[in-house]
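Visitor: Coordinates in my_file_34.txt, compact mmCIF, C-alpha atoms, are listed below.
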```
# COMPACT_ATOMS: atom_id res chain seq x y z
CA MET A 273 105.94 359.03 145.93
CA LEU A 274 103.24 356.42 145.58
CA VAL A 275 100.78 359.13 144.58
CA GLU A 276 103.03 360.62 141.92
CA GLN A 277 103.77 357.35 140.09
CA PRO A 278 100.32 356.93 138.46
CA ARG A 279 100.53 360.51 137.17
CA THR A 280 103.81 359.76 135.48
CA VAL A 281 102.46 356.62 133.87
CA ALA A 282 99.29 358.38 132.75
CA GLY A 283 101.29 361.28 131.39
CA GLY A 284 103.56 358.91 129.50
CA ALA A 285 100.55 357.09 128.03
CA THR A 286 99.07 360.43 126.97
CA ARG A 287 102.29 361.43 125.27
CA LEU A 288 102.41 358.11 123.45
CA ARG A 289 98.88 358.71 122.15
CA ASP A 290 99.77 362.20 120.92
CA PRO A 291 99.57 362.26 117.08
CA ARG A 292 102.93 364.01 116.75
CA THR A 293 104.65 361.45 118.98
CA LEU A 294 103.05 358.59 117.06
CA ALA A 295 104.14 360.17 113.77
CA VAL A 296 107.75 360.47 114.95
CA VAL A 297 107.74 356.87 116.18
CA ALA A 298 106.25 355.67 112.88
CA VAL A 299 108.82 357.55 110.80
CA ALA A 300 111.67 356.22 112.96
CA ALA A 301 110.35 352.66 112.62
CA VAL A 302 110.08 352.97 108.82
CA LEU A 303 113.61 354.40 108.57
CA ALA A 304 114.98 351.61 110.76
CA LEU A 305 113.25 349.00 108.60
CA LEU A 306 114.56 350.53 105.36
CA ILE A 307 118.12 350.80 106.68
CA GLY A 308 118.04 347.25 108.02
CA LEU A 309 116.74 345.85 104.71
CA GLN A 310 119.29 347.90 102.76
CA VAL A 311 122.15 346.47 104.82
CA MET A 312 120.78 342.95 104.46
CA ALA A 313 120.33 343.38 100.71
CA ALA A 314 123.89 344.67 100.33
CA ILE A 315 125.25 341.68 102.23
CA MET A 316 123.23 339.21 100.15
CA GLY A 317 124.03 340.90 96.85
CA PHE A 318 120.73 342.30 95.58
CA ASP A 319 119.07 345.69 95.30
CA GLY A 320 117.92 347.28 98.54
CA PRO A 321 115.01 349.66 99.17
CA LEU A 322 117.12 352.79 99.70
CA SER A 323 119.21 352.30 96.58
CA SER A 324 116.05 351.63 94.59
CA LEU A 325 114.46 354.75 96.06
CA ALA A 326 117.54 356.80 95.18
CA ARG A 327 117.15 355.82 91.53
CA ASP A 328 113.56 357.02 91.65
CA PHE A 329 114.99 360.46 92.44
CA VAL A 330 118.07 360.68 90.23
CA GLY A 331 118.30 357.49 88.18
CA THR A 332 116.01 355.15 86.27
CA PRO A 333 112.95 354.26 88.37
CA LYS A 334 112.23 350.56 88.73
CA SER A 335 108.52 351.15 88.12
CA MET A 336 106.96 353.82 85.95
CA SER A 337 103.48 353.55 87.44
CA VAL A 338 104.06 353.22 91.21
CA PRO A 339 105.71 356.67 91.69
CA TRP A 340 102.87 358.29 89.81
CA ALA A 341 100.29 356.31 91.77
CA GLY A 342 101.79 357.43 95.09
CA PHE A 343 102.01 361.01 93.90
CA VAL A 344 98.39 361.12 92.70
CA LEU A 345 97.27 359.72 96.06
CA ALA A 346 99.13 362.54 97.83
CA LEU A 347 97.24 365.13 95.81
CA VAL A 348 93.97 364.36 97.63
CA GLY A 349 95.25 366.33 100.64
CA ILE A 350 95.94 369.66 98.93
CA SER A 351 93.85 372.34 97.22
CA THR A 352 92.98 372.30 93.52
CA ARG A 353 95.36 375.15 92.76
CA ARG A 354 98.25 373.36 94.43
CA ARG A 355 97.33 370.13 92.68
CA VAL A 356 97.64 371.84 89.31
CA ILE A 357 101.00 373.36 90.23
CA SER A 358 102.32 370.07 91.65
CA LEU A 359 101.11 368.06 88.66
CA ALA A 360 102.68 370.52 86.21
CA ALA A 361 105.97 370.37 88.12
CA ALA A 362 105.98 366.57 88.17
CA ILE A 363 105.25 366.35 84.44
CA GLY A 364 107.90 368.95 83.65
CA ILE A 365 110.60 367.23 85.71
CA ASP A 366 109.72 363.86 84.20
CA ALA A 367 109.91 365.36 80.71
CA VAL A 368 113.41 366.69 81.42
CA TRP A 369 114.59 363.29 82.69
CA VAL A 370 113.09 361.54 79.66
CA ALA A 371 114.86 363.96 77.34
CA LEU A 372 118.18 363.39 79.11
CA ARG A 373 117.76 359.62 78.83
CA LEU A 374 117.00 359.85 75.11
CA ILE A 375 120.04 362.05 74.55
CA ASP A 376 122.12 359.47 76.43
CA GLY A 377 120.70 356.67 74.30
CA LYS A 378 118.80 355.02 77.17
CA ALA A 379 115.28 353.61 77.20
CA VAL A 380 112.32 355.85 77.99
CA SER A 381 111.25 355.68 81.63
CA PHE A 382 109.06 357.79 83.91
CA GLY A 383 108.81 358.35 87.63
CA ASN A 384 111.46 360.87 88.70
CA GLY A 385 109.10 363.84 88.54
CA PRO A 386 106.38 362.52 90.86
CA THR A 387 108.95 361.18 93.32
CA ILE A 388 110.73 364.53 93.59
CA VAL A 389 107.52 366.57 93.85
CA LEU A 390 106.05 364.13 96.40
CA ALA A 391 109.06 364.66 98.65
CA ALA A 392 108.91 368.42 98.08
CA LEU A 393 105.22 368.51 99.01
CA GLY A 394 105.93 366.80 102.31
CA LEU A 395 108.77 369.18 103.11
CA VAL A 396 106.81 372.33 102.21
CA ALA A 397 103.75 371.19 104.16
CA LEU A 398 105.86 370.41 107.22
CA VAL A 399 107.79 373.69 107.18
CA ARG A 400 105.41 376.30 105.79
CA TRP A 401 101.78 375.22 106.13
CA ARG A 402 99.72 375.26 109.30
CA GLY A 403 96.49 373.92 110.76
CA ARG A 404 94.16 371.63 108.85
CA GLU A 405 95.92 372.48 105.59
CA ARG A 406 99.15 371.05 106.97
CA THR A 407 97.50 368.03 108.59
CA ASP A 408 95.64 366.99 105.45
CA ALA A 409 98.68 367.46 103.23
CA LEU A 410 101.05 365.52 105.48
CA LYS A 411 98.60 362.66 105.91
CA ALA A 412 98.07 362.37 102.15
CA VAL A 413 101.80 362.60 101.43
CA ALA A 414 102.44 359.89 104.02
CA LEU A 415 99.93 357.60 102.31
CA GLY A 416 101.54 358.17 98.91
CA ALA A 417 105.03 357.64 100.30
CA LEU A 418 103.94 354.47 102.13
CA LEU A 419 102.61 353.04 98.88
CA VAL A 420 105.95 353.63 97.16
CA LEU A 421 108.00 352.36 100.10
CA ALA A 422 105.80 349.28 100.45
CA THR A 423 106.71 348.22 96.92
CA LYS A 424 110.43 348.67 97.72
CA VAL A 425 110.15 346.58 100.88
CA GLY A 426 108.11 344.00 98.99
CA ASP A 427 110.82 343.62 96.34
CA VAL A 428 113.42 342.91 99.02
CA TRP A 429 111.12 340.48 100.80
CA LEU A 430 110.64 338.49 97.58
CA HIS A 431 114.41 338.13 97.27
CA LEU A 432 114.60 336.98 100.87
CA THR A 433 111.94 334.30 100.37
CA SER A 434 114.04 332.56 97.75
CA ALA A 435 117.20 332.96 99.82
CA VAL A 436 115.89 331.57 103.10
CA ARG A 437 113.63 328.82 101.68
CA PRO A 438 115.68 326.59 99.33
CA THR A 439 112.77 324.14 98.91
CA VAL A 440 109.15 324.66 97.88
CA LEU A 441 105.87 322.85 98.65
CA ASP A 442 104.35 322.86 95.16
CA GLU A 443 103.80 319.09 95.08
CA TYR A 444 101.52 319.38 98.11
CA VAL A 445 99.61 322.32 96.65
CA LEU A 446 99.20 320.54 93.32
CA LEU A 447 97.52 317.63 95.08
CA ALA A 448 95.27 319.95 97.08
CA ASP A 449 94.38 321.78 93.88
CA HIS A 450 92.89 318.60 92.41
CA ALA A 451 89.98 319.26 94.76
CA LEU A 452 89.17 322.41 92.74
CA GLY A 453 89.62 320.77 89.34
CA ASP A 454 93.14 322.13 88.64
CA PRO A 455 91.89 325.57 87.50
CA SER A 456 95.33 326.89 86.53
CA TRP A 457 95.67 324.21 83.86
CA VAL A 458 92.12 324.82 82.62
CA VAL A 459 92.41 328.61 82.39
CA GLY A 460 95.93 328.36 80.95
CA ARG A 461 94.64 326.30 78.02
CA VAL A 462 91.74 328.70 77.49
CA LEU A 463 94.11 331.68 77.28
CA ASP A 464 96.25 329.82 74.77
CA VAL A 465 93.18 329.49 72.56
CA LEU A 466 92.05 333.12 73.03
CA GLY A 467 95.36 334.47 71.75
CA PRO A 468 97.80 337.32 72.46
CA GLU A 469 95.24 340.15 72.52
CA VAL A 470 93.42 338.76 75.55
CA TYR A 471 96.75 337.91 77.16
CA ALA A 472 97.95 341.51 76.70
CA VAL A 473 94.82 342.96 78.34
CA LEU A 474 95.01 340.58 81.28
CA HIS A 475 98.73 341.22 81.72
CA TRP A 476 98.14 344.97 81.85
CA VAL A 477 95.36 344.51 84.43
CA TYR A 478 97.60 342.22 86.48
CA ILE A 479 100.60 344.53 86.69
CA GLU A 480 98.63 347.78 87.06
CA LEU A 481 96.60 346.72 90.09
CA PRO A 482 98.20 349.51 92.22
CA VAL A 483 97.01 352.10 89.68
CA ALA A 484 93.45 350.81 89.88
CA ALA A 485 93.65 350.86 93.67
CA ILE A 486 94.81 354.48 93.65
CA ALA A 487 91.95 355.45 91.34
CA VAL A 488 89.48 353.97 93.83
CA ALA A 489 91.28 355.53 96.81
CA VAL A 490 91.28 358.98 95.18
CA TRP A 491 87.54 358.64 94.61
CA GLN A 492 87.03 357.65 98.26
CA LEU A 493 89.14 360.58 99.50
CA ARG A 494 87.81 363.20 97.07
CA LYS A 495 86.01 365.16 99.83
CA VAL A 496 88.94 365.47 102.23
CA VAL A 497 89.96 369.00 101.28
CA PRO A 498 86.50 370.61 100.96
CA THR A 499 85.13 369.01 104.15
CA GLY A 500 88.25 368.54 106.27
CA GLN A 501 87.08 365.04 107.10
CA TRP A 502 88.88 361.75 106.45
CA PRO A 503 86.90 358.52 106.09
CA SER A 504 87.49 356.16 108.98
CA HIS A 505 88.20 353.35 106.51
CA TYR A 506 89.30 353.35 102.89
CA LEU A 507 91.06 351.07 100.43
CA VAL A 508 94.65 352.15 101.12
CA ARG A 509 94.41 350.95 104.73
CA THR A 510 93.37 347.45 103.65
CA PHE A 511 96.00 347.37 100.89
CA LEU A 512 98.84 348.28 103.23
CA VAL A 513 97.84 345.87 106.01
CA LEU A 514 97.40 343.03 103.51
CA GLY A 515 100.86 343.82 102.17
CA LEU A 516 102.25 343.65 105.69
CA VAL A 517 100.53 340.42 106.77
CA GLY A 518 100.19 338.30 103.63
CA PRO A 519 103.84 338.02 102.52
CA LEU A 520 104.82 336.62 105.93
CA PHE A 521 103.28 333.34 104.78
CA TYR A 522 105.60 333.18 101.77
CA VAL A 523 108.30 332.03 104.19
CA LEU A 524 106.00 329.79 106.22
CA PHE A 525 104.50 328.15 103.11
CA PRO A 526 106.94 328.56 100.19
CA VAL A 527 105.36 327.93 96.78
CA VAL A 528 106.51 329.13 93.34
CA GLY A 529 103.54 328.29 91.11
CA PRO A 530 102.68 325.82 88.34
CA MET A 531 104.53 327.53 85.49
CA PHE A 532 107.76 327.25 87.48
CA ALA A 533 107.40 323.97 89.35
CA PHE A 534 105.63 322.11 86.55
CA GLY A 535 106.33 324.26 83.49
CA ALA A 536 109.03 325.50 81.19
CA ASP A 537 110.15 328.39 83.43
CA GLY A 538 111.60 326.30 86.24
CA HIS A 539 115.23 326.95 85.25
CA GLY A 540 115.96 323.22 85.37
CA PHE A 541 114.37 322.69 88.78
CA GLU A 542 110.88 321.87 87.49
CA VAL A 543 109.35 318.43 87.93
CA GLY A 544 108.62 318.35 84.22
CA SER A 545 107.22 320.45 81.38
CA PHE A 546 103.53 319.84 82.10
CA TRP A 547 101.83 323.19 82.49
CA PRO A 548 99.40 323.92 80.89
CA ALA A 549 99.21 321.11 78.34
CA ALA A 550 99.00 318.12 80.69
CA LEU A 551 98.49 317.40 84.36
CA PRO A 552 101.35 315.77 86.26
CA PRO A 553 100.54 312.29 87.59
CA ILE A 554 99.26 312.14 91.15
CA ASP A 555 102.11 311.45 93.55
CA SER A 556 100.88 309.86 96.77
CA ASN A 557 104.24 310.63 98.41
CA PRO A 558 104.76 314.38 97.89
CA SER A 559 107.90 316.05 99.15
CA ALA A 560 109.51 319.47 99.29
CA LEU A 561 111.24 320.31 95.99
CA PRO A 562 114.68 321.92 95.86
CA PHE A 563 114.44 325.11 93.82
CA ASP A 564 116.61 327.96 92.58
CA GLU A 565 117.62 331.06 94.55
CA VAL A 566 115.96 333.46 92.12
CA THR A 567 112.26 332.61 91.85
CA PRO A 568 110.21 334.22 94.66
CA ARG A 569 108.16 331.91 96.86
CA ASN A 570 105.18 334.24 96.57
CA CYS A 571 102.17 332.05 95.83
CA MET A 572 100.57 331.18 99.15
CA PRO A 573 98.38 333.11 99.66
CA SER A 574 97.63 334.88 96.36
CA MET A 575 98.10 338.53 97.28
CA HIS A 576 96.92 339.70 93.86
CA THR A 577 93.61 337.97 94.60
CA ALA A 578 93.48 339.50 98.09
CA TRP A 579 94.18 343.01 96.78
CA ALA A 580 91.79 342.68 93.83
CA LEU A 581 89.04 341.46 96.16
CA ALA A 582 89.71 344.41 98.48
CA LEU A 583 89.36 346.73 95.49
CA PHE A 584 86.09 345.03 94.58
CA LEU A 585 84.73 345.41 98.12
CA HIS A 586 85.60 349.10 98.25
CA THR A 587 83.85 349.80 94.94
CA ARG A 588 80.49 348.59 96.24
CA ARG A 589 79.70 351.64 98.38
CA ASP A 590 80.89 355.15 99.06
CA VAL A 591 82.53 355.89 102.39
CA ASP A 592 79.25 357.36 103.68
CA GLY A 593 77.43 354.06 103.10
CA SER A 594 75.62 355.11 99.93
CA ARG A 595 75.79 352.96 96.84
CA ALA A 596 78.78 353.61 94.60
CA PRO A 597 78.19 354.76 91.00
CA ILE A 598 77.63 352.02 88.47
CA TRP A 599 80.85 352.70 86.55
CA LEU A 600 82.88 352.13 89.70
CA ARG A 601 81.02 348.96 90.67
CA TRP A 602 81.44 347.47 87.21
CA GLY A 603 85.09 348.56 87.16
CA GLY A 604 85.79 346.83 90.46
CA ALA A 605 84.05 343.66 89.29
CA PHE A 606 86.02 343.67 86.02
CA TRP A 607 89.34 344.15 87.80
CA LEU A 608 88.65 341.28 90.18
CA ALA A 609 87.54 338.91 87.41
CA ALA A 610 90.47 339.84 85.16
CA THR A 611 93.00 339.53 87.99
CA VAL A 612 91.73 336.09 89.01
CA THR A 613 91.83 334.97 85.37
CA ALA A 614 95.39 336.27 84.97
CA THR A 615 96.73 334.71 88.17
CA LEU A 616 95.47 331.30 87.06
CA GLY A 617 95.93 331.58 83.31
CA PHE A 618 99.51 332.81 83.50
CA GLY A 619 100.47 329.89 85.73
CA TYR A 620 101.42 332.12 88.65
CA HIS A 621 99.04 330.48 91.13
CA TYR A 622 97.02 327.41 91.94
CA GLY A 623 93.32 327.63 92.72
CA VAL A 624 93.83 326.94 96.42
CA ASP A 625 96.16 329.97 96.60
CA LEU A 626 93.28 332.16 95.46
CA ILE A 627 90.92 330.72 98.08
CA ALA A 628 93.45 331.48 100.82
CA GLY A 629 94.00 335.00 99.49
CA ALA A 630 90.28 335.73 99.43
CA VAL A 631 89.80 334.51 103.01
CA LEU A 632 92.75 336.62 104.14
CA CYS A 633 91.31 339.72 102.48
CA LEU A 634 87.87 339.29 104.07
CA THR A 635 89.47 338.73 107.48
CA VAL A 636 91.81 341.73 107.32
CA ASP A 637 89.14 344.07 105.98
CA SER A 638 86.81 342.92 108.75
CA ALA A 639 89.44 343.87 111.33
CA LEU A 640 89.82 347.35 109.82
CA ARG A 641 86.33 348.27 108.64
CA ALA A 642 84.21 350.73 110.69
CA PRO A 643 86.76 351.32 113.48
CA GLU A 644 84.27 353.58 115.28
CA ARG A 645 82.22 350.44 115.93
CA GLY A 646 84.97 349.01 118.10
CA TRP A 647 85.75 345.34 118.69
CA ASP A 648 82.23 344.17 119.34
CA ALA A 649 81.08 340.55 119.36
CA PHE A 650 80.28 340.56 115.63
CA ARG A 651 83.77 341.72 114.64
CA LEU A 652 85.47 339.34 117.06
CA ARG A 653 83.51 336.38 115.74
CA LEU A 654 84.10 337.30 112.11
CA VAL A 655 87.83 337.95 112.44
CA GLY A 656 88.26 334.85 114.61
CA PHE A 657 86.32 332.70 112.15
CA GLY A 658 88.27 334.05 109.17
CA THR A 659 91.59 333.49 110.94
CA ALA A 660 90.63 329.92 111.83
CA VAL A 661 89.52 329.17 108.26
CA PHE A 662 92.71 330.66 106.82
CA ALA A 663 94.92 328.63 109.17
CA GLY A 664 92.86 325.50 108.53
CA LEU A 665 93.21 325.87 104.78
CA LEU A 666 96.99 326.19 104.90
CA LEU A 667 97.34 323.25 107.28
CA SER A 668 95.07 321.16 105.05
CA TYR A 669 97.05 322.00 101.93
CA ARG A 670 100.20 320.85 103.68
CA TYR A 671 99.10 317.84 105.72
CA LEU A 672 95.91 316.64 103.99
CA ALA A 673 96.97 317.13 100.38
CA VAL A 674 96.88 313.41 99.53
CA PRO A 675 93.34 312.84 100.89
CA MET A 676 92.20 316.01 99.11
CA ALA A 677 93.45 314.57 95.81
CA GLU A 678 91.92 311.16 96.50
CA TYR A 679 88.51 312.60 97.44
CA PRO A 680 88.36 315.75 95.31
CA VAL A 681 84.59 316.25 95.31
CA ALA A 682 84.26 316.21 99.09
CA ALA A 683 87.44 318.21 99.63
CA GLY A 684 86.50 320.77 97.00
CA ALA A 685 83.06 321.22 98.50
CA ILE A 686 84.57 321.82 101.93
CA VAL A 687 87.14 324.34 100.67
CA ILE A 688 84.61 326.30 98.62
CA GLY A 689 82.05 326.02 101.42
CA LEU A 690 84.47 327.55 103.93
CA LEU A 691 85.17 330.48 101.62
CA ALA A 692 81.44 330.93 101.06
CA ALA A 693 80.81 330.87 104.82
CA VAL A 694 83.37 333.61 105.44
CA ALA A 695 81.98 335.67 102.55
CA ILE A 696 78.39 335.32 103.78
CA ALA A 697 79.41 336.30 107.32
CA PHE A 698 81.31 339.30 105.93
CA HIS A 699 78.34 340.44 103.85
CA HIS A 700 75.90 339.96 106.71
CA THR A 701 78.10 341.97 109.08
CA TRP A 702 79.11 344.85 106.83
CA PHE A 703 76.81 345.01 103.80
CA ALA A 704 73.41 343.61 104.79
CA ALA A 705 72.34 347.06 105.95
CA ALA A 706 73.72 350.43 104.97
CA PRO A 707 76.10 351.64 107.70
CA GLU A 708 76.04 355.05 109.27
CA PRO A 709 78.39 357.58 107.68
CA ALA A 710 81.88 356.98 109.10
CA ILE A 711 84.35 359.86 109.10
CA GLU A 712 87.43 360.82 111.00
CA ARG A 713 87.14 364.43 112.10
CA ILE A 714 90.34 366.50 112.01
CA PRO A 715 89.97 369.53 114.28
CA ALA A 716 91.16 372.82 112.85
CA THR A 717 94.11 374.28 114.72
```
Represent the supplied structure as structure tokens.
Guide:
Amino acid sequence: MLVEQPRTVAGGATRLRDPRTLAVVAVAAVLALLIGLQVMAAIMGFDGPLSSLARDFVGTPKSMSVPWAGFVLALVGISTRRRVISLAAAIGIDAVWVALRLIDGKAVSFGNGPTIVLAALGLVALVRWRGRERTDALKAVALGALLVLATKVGDVWLHLTSAVRPTVLDEYVLLADHALGDPSWVVGRVLDVLGPEVYAVLHWVYIELPVAAIAVAVWQLRKVVPTGQWPSHYLVRTFLVLGLVGPLFYVLFPVVGPMFAFGADGHGFEVGSFWPAALPPIDSNPSALPFDEVTPRNCMPSMHTAWALALFLHTRRDVDGSRAPIWLRWGGAFWLAATVTATLGFGYHYGVDLIAGAVLCLTVDSALRAPERGWDAFRLRLVGFGTAVFAGLLLSYRYLAVPMAEYPVAAGAIVIGLLAAVAIAFHHTWFAAAPEPAIERIPAT
């Protein structure tokens, strides 16, 4: 009996590492999460992920771009002929739904077609296809579906942040932001001068970040079908992990942003109508502010900055280590610059939020990049250093906000210096020399 026990344990471990077992466990975990959030949302009186997903199939989708983004991502795993057929089907179904809405006198909206065809692709691949064809298709469909589901879960989480955190820490963050020269107020005034055209472009860039990410991901995964090889690391992995980790801090460090806490959109809970025309006076005794139950506490860290920086990083090189084409590199740089400008200029974030988001991105991407390299000393040091800097920044914003406002030059130099140190370490580890081609081989069966 003592001899047989290790075999059982080893066999169980082997079964747990089996891709099919892991897939079943992952699907069960996602379903449990969605059901749990749906029940919670129903109890608390707001829209849940399953009801929102149902409308993507047979109602009015909440987003017109996210279903299409997820669908386009799924197309990287199927042949060109099937892509054309799937795309034509999605467009045709969407056209029918648009026509029905117009006949019913409702507003034009898109998204039913790609959602329906995405689900159909997964079902057909699971039931009818075999071998590498099936594996590639199911993996791509799973990525597209995860992108869509992540937005549904994120919407619920934003509701929960305002429900479970009745007060916000904006007074502390405002003081800490003096160390960076109050960039939200500066950029907000600049955008007021530049006018509505610039605002419209920046707003489009801000809300369509998932579309830009999918464009980069499709480029990274363009060789999956002809080669049968998946890159070991690509943008979608970083996006999803950032979306899982970052929003946890919304509850730990609730902040609503300058346009709400110090502007005209505070629904009566704002300190005053300051943003962006004038800075509030420095309060040496900051406190948590009571706030409404509607505005999400989604500032700290700035996830738009984290995601835009991830997009920028993944437009520097191809997955094989070669330099990316110039149009992609310039596109990634533009999207990062425009996103940072929008987050500040629209009053959604303080400057210190952006610093925290950038450090989080560099840390998460360091944990995921080049998995074939393993957890060597370089990765351990970089991830540990990034984690320590991120934690130190948040603790400083909360407990050293007054000294940061009183000594802004020194505090600002330290904050920017810490970000620069993490960025330099990241570049030295991952970009100083071209890495070996990294691919995940999928054996044909």
Visitor: Can you pull out the residues contacting segment 297-306 of chain A? Cut-off 9 Å, using only C-alpha atoms, and skip same-chain residues under 5 positions away; I want them as number ranges by chain.
Guide: A: 292, 311, 320-322, 421, 424-425
Visitor: Calculate how many Å separate atom CA of Ala663 of chain A from atom CA of Leu514 of chain A, rounding to one decimal.
Guide: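 Separation between atom CA of Ala663 of chain A and atom CA of Leu514 of chain A: 15.7 Å.
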Visitor: Which residue gives the smallest distance to Leu608 of chain A among A:Thr577, A:Leu665, A:Val436, A:Ala630, with only C-alpha atoms counted?
Guide: A:Thr577
Visitor: Work out how far atom CA of Asp442 of chain A is from atom CA of Ala610 of chain A, in Å to one decimal.
Guide: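 For atom CA of Ala610 of chain A relative to atom CA of Asp442 of chain A, the distance reads 24.1 Å.
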Visitor: In Å to one decimal, how far is atom CA of Leu441 of chain A from atom CA of Asp537 of chain A?
Guide: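 These atoms are spaced 16.8 Å apart.
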Visitor: Of the residues A:Ala435, A:Val477, A:Val370, A:Leu418, which is the one nearest to Asp564 of chain A, using all atoms listed in the file?
Guide: A:Ala435
